[in-house]
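Engineer: The structure under discussion is supplied below as structure tokens; questions concerning it will follow.
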Amino acid sequence: MVLTDTSKESEKVLLELYRTMSAAKKASLIFNACRMGRQLALAGLKDRFPKASPEQLWHLWARQHLGQTLYEQVYGDGRA
């Protein structure tokens, strides 16, 4: 891992924390980061489409996240 905005000493401490962290804790950090990314993306879509329902926002996010082809395979082409 190369962190361009972090000192070498701080990077060493961070890497050691990751090495000693349990797999469950690492998984939790990853899932929380993914959840936060999805929430930020949905907030951006809500800002762009203020009249969209929660379901429409979900489908807009899914299309953006999956890409058009996979989205249509999963959800069909008649949504949002």
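Each chain of the structure tokens is named A, B, ... in the order shown, its residues numbered from 1; ligands are numbered from 1 in display order.
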With a distance cut-off of 12 Å and only C-alpha atoms, select the neighbouring residues of Ala43 of chain A, excluding the residue or stretch itself and same-chain residues fewer than 5 positions from it, and output the selection as a list in words.

Structural biologist: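 The filter keeps Met36, Gly37, Arg38, Arg48, Phe49, Pro50, Ala52, Pro54, Leu57, Trp58, Leu60 and Trp61 of chain A.
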
Engineer: Just the selected residues (C-alpha atoms), exported as an mmCIF file, in the first residue's frame, please.

Structural biologist:
data_model
loop_
_atom_site.group_PDB
_atom_site.id
_atom_site.type_symbol
_atom_site.label_atom_id
_atom_site.label_comp_id
_atom_site.auth_asym_id
_atom_site.auth_seq_id
_atom_site.Cartn_x
_atom_site.Cartn_y
_atom_site.Cartn_z
ATOM 1 C CA MET A 36 -20.921 4.788 3.128
ATOM 2 C CA GLY A 37 -20.093 4.916 -0.584
ATOM 3 C CA ARG A 38 -23.597 3.741 -1.469
ATOM 4 C CA ARG A 48 -29.913 15.465 -8.899
ATOM 5 C CA PHE A 49 -33.409 13.915 -8.889
ATOM 6 C CA PRO A 50 -35.237 15.496 -5.918
ATOM 7 C CA ALA A 52 -37.538 10.576 -7.364
ATOM 8 C CA PRO A 54 -36.684 5.860 -2.840
ATOM 9 C CA LEU A 57 -33.277 6.295 -6.541
ATOM 10 C CA TRP A 58 -32.324 2.695 -5.793
ATOM 11 C CA LEU A 60 -30.776 4.819 -10.606
ATOM 12 C CA TRP A 61 -27.984 3.785 -8.235
#

Engineer: Enumerate, as an MDAnalysis selection string, the complete set of residues in chain A that a backbone-based DSSP assignment places in alpha helix (DSSP H).

Structural biologist: chainID A and resid 8:20 23:48 54:66 68:75

Engineer: Find the residues around segment 62-74 of chain A up to 12 Å (only C-alpha atoms counted), leave out those fewer than 2 positions away in its own chain, and share them as an MDAnalysis selection string.

Structural biologist: chainID A and resid 34 37:38 41:42 44:45 55:60 76:80

Engineer: Deliver the residues from the most recent selection as a file, using N, CA and C atoms, as a PDB file, in the first residue's frame.

Structural biologist:
ATOM      1  N   CYS A  34     -18.171   0.401   2.045  1.00  0.00           N
ATOM      2  CA  CYS A  34     -19.092   0.184   0.918  1.00  0.00           C
ATOM      3  C   CYS A  34     -20.444   0.822   1.200  1.00  0.00           C
ATOM      4  N   GLY A  37     -20.150   4.549   0.832  1.00  0.00           N
ATOM      5  CA  GLY A  37     -20.093   4.916  -0.584  1.00  0.00           C
ATOM      6  C   GLY A  37     -21.456   4.883  -1.235  1.00  0.00           C
ATOM      7  N   ARG A  38     -22.241   3.843  -0.915  1.00  0.00           N
ATOM      8  CA  ARG A  38     -23.597   3.741  -1.469  1.00  0.00           C
ATOM      9  C   ARG A  38     -24.462   4.890  -0.961  1.00  0.00           C
ATOM     10  N   ALA A  41     -23.476   8.024  -2.817  1.00  0.00           N
ATOM     11  CA  ALA A  41     -23.978   7.982  -4.189  1.00  0.00           C
ATOM     12  C   ALA A  41     -25.478   8.246  -4.228  1.00  0.00           C
ATOM     13  N   LEU A  42     -26.218   7.636  -3.307  1.00  0.00           N
ATOM     14  CA  LEU A  42     -27.670   7.857  -3.264  1.00  0.00           C
ATOM     15  C   LEU A  42     -28.000   9.309  -2.920  1.00  0.00           C
ATOM     16  N   GLY A  44     -26.171  11.883  -3.695  1.00  0.00           N
ATOM     17  CA  GLY A  44     -25.921  12.642  -4.921  1.00  0.00           C
ATOM     18  C   GLY A  44     -27.047  12.492  -5.921  1.00  0.00           C
ATOM     19  N   LEU A  45     -27.569  11.279  -6.046  1.00  0.00           N
ATOM     20  CA  LEU A  45     -28.697  11.052  -6.962  1.00  0.00           C
ATOM     21  C   LEU A  45     -29.943  11.785  -6.474  1.00  0.00           C
ATOM     22  N   GLU A  55     -37.487   4.076  -4.311  1.00  0.00           N
ATOM     23  CA  GLU A  55     -37.312   2.956  -5.241  1.00  0.00           C
ATOM     24  C   GLU A  55     -36.643   3.425  -6.535  1.00  0.00           C
ATOM     25  N   GLN A  56     -37.067   4.566  -7.052  1.00  0.00           N
ATOM     26  CA  GLN A  56     -36.446   5.095  -8.266  1.00  0.00           C
ATOM     27  C   GLN A  56     -34.971   5.414  -8.031  1.00  0.00           C
ATOM     28  N   LEU A  57     -34.674   5.992  -6.865  1.00  0.00           N
ATOM     29  CA  LEU A  57     -33.277   6.295  -6.541  1.00  0.00           C
ATOM     30  C   LEU A  57     -32.447   5.018  -6.477  1.00  0.00           C
ATOM     31  N   TRP A  58     -33.030   3.972  -5.867  1.00  0.00           N
ATOM     32  CA  TRP A  58     -32.324   2.695  -5.793  1.00  0.00           C
ATOM     33  C   TRP A  58     -31.993   2.179  -7.196  1.00  0.00           C
ATOM     34  N   HIS A  59     -32.955   2.262  -8.097  1.00  0.00           N
ATOM     35  CA  HIS A  59     -32.728   1.767  -9.450  1.00  0.00           C
ATOM     36  C   HIS A  59     -31.747   2.648 -10.216  1.00  0.00           C
ATOM     37  N   LEU A  60     -31.775   3.940  -9.989  1.00  0.00           N
ATOM     38  CA  LEU A  60     -30.776   4.819 -10.606  1.00  0.00           C
ATOM     39  C   LEU A  60     -29.378   4.436 -10.115  1.00  0.00           C
ATOM     40  N   GLY A  76     -34.333  -6.050 -15.659  1.00  0.00           N
ATOM     41  CA  GLY A  76     -35.108  -5.780 -16.866  1.00  0.00           C
ATOM     42  C   GLY A  76     -34.844  -4.356 -17.315  1.00  0.00           C
ATOM     43  N   ASP A  77     -35.519  -3.927 -18.368  1.00  0.00           N
ATOM     44  CA  ASP A  77     -35.246  -2.593 -18.894  1.00  0.00           C
ATOM     45  C   ASP A  77     -36.395  -1.609 -18.665  1.00  0.00           C
ATOM     46  N   GLY A  78     -37.371  -1.981 -17.874  1.00  0.00           N
ATOM     47  CA  GLY A  78     -38.538  -1.105 -17.690  1.00  0.00           C
ATOM     48  C   GLY A  78     -38.519  -0.274 -16.425  1.00  0.00           C
ATOM     49  N   ARG A  79     -37.414  -0.226 -15.722  1.00  0.00           N
ATOM     50  CA  ARG A  79     -37.379   0.494 -14.458  1.00  0.00           C
ATOM     51  C   ARG A  79     -36.592   1.780 -14.584  1.00  0.00           C
ATOM     52  N   ALA A  80     -36.934   2.738 -13.716  1.00  0.00           N
ATOM     53  CA  ALA A  80     -36.254   4.037 -13.541  1.00  0.00           C
ATOM     54  C   ALA A  80     -35.460   4.407 -14.743  1.00  0.00           C
TER      55      ALA A  80
END

Engineer: If I take atom CA of Leu15 of chain A and atom CA of Leu29 of chain A, how far is one from the other in Å, to one decimal?

Structural biologist: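 Atom CA of Leu15 of chain A sits 14.3 Å away from atom CA of Leu29 of chain A.
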
Engineer: What does the distance between atom CA of Lys8 of chain A and atom CA of Thr20 of chain A come to in Å, to one decimal place?

Structural biologist: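 Separating atom CA of Lys8 of chain A from atom CA of Thr20 of chain A is a distance of 18.5 Å.
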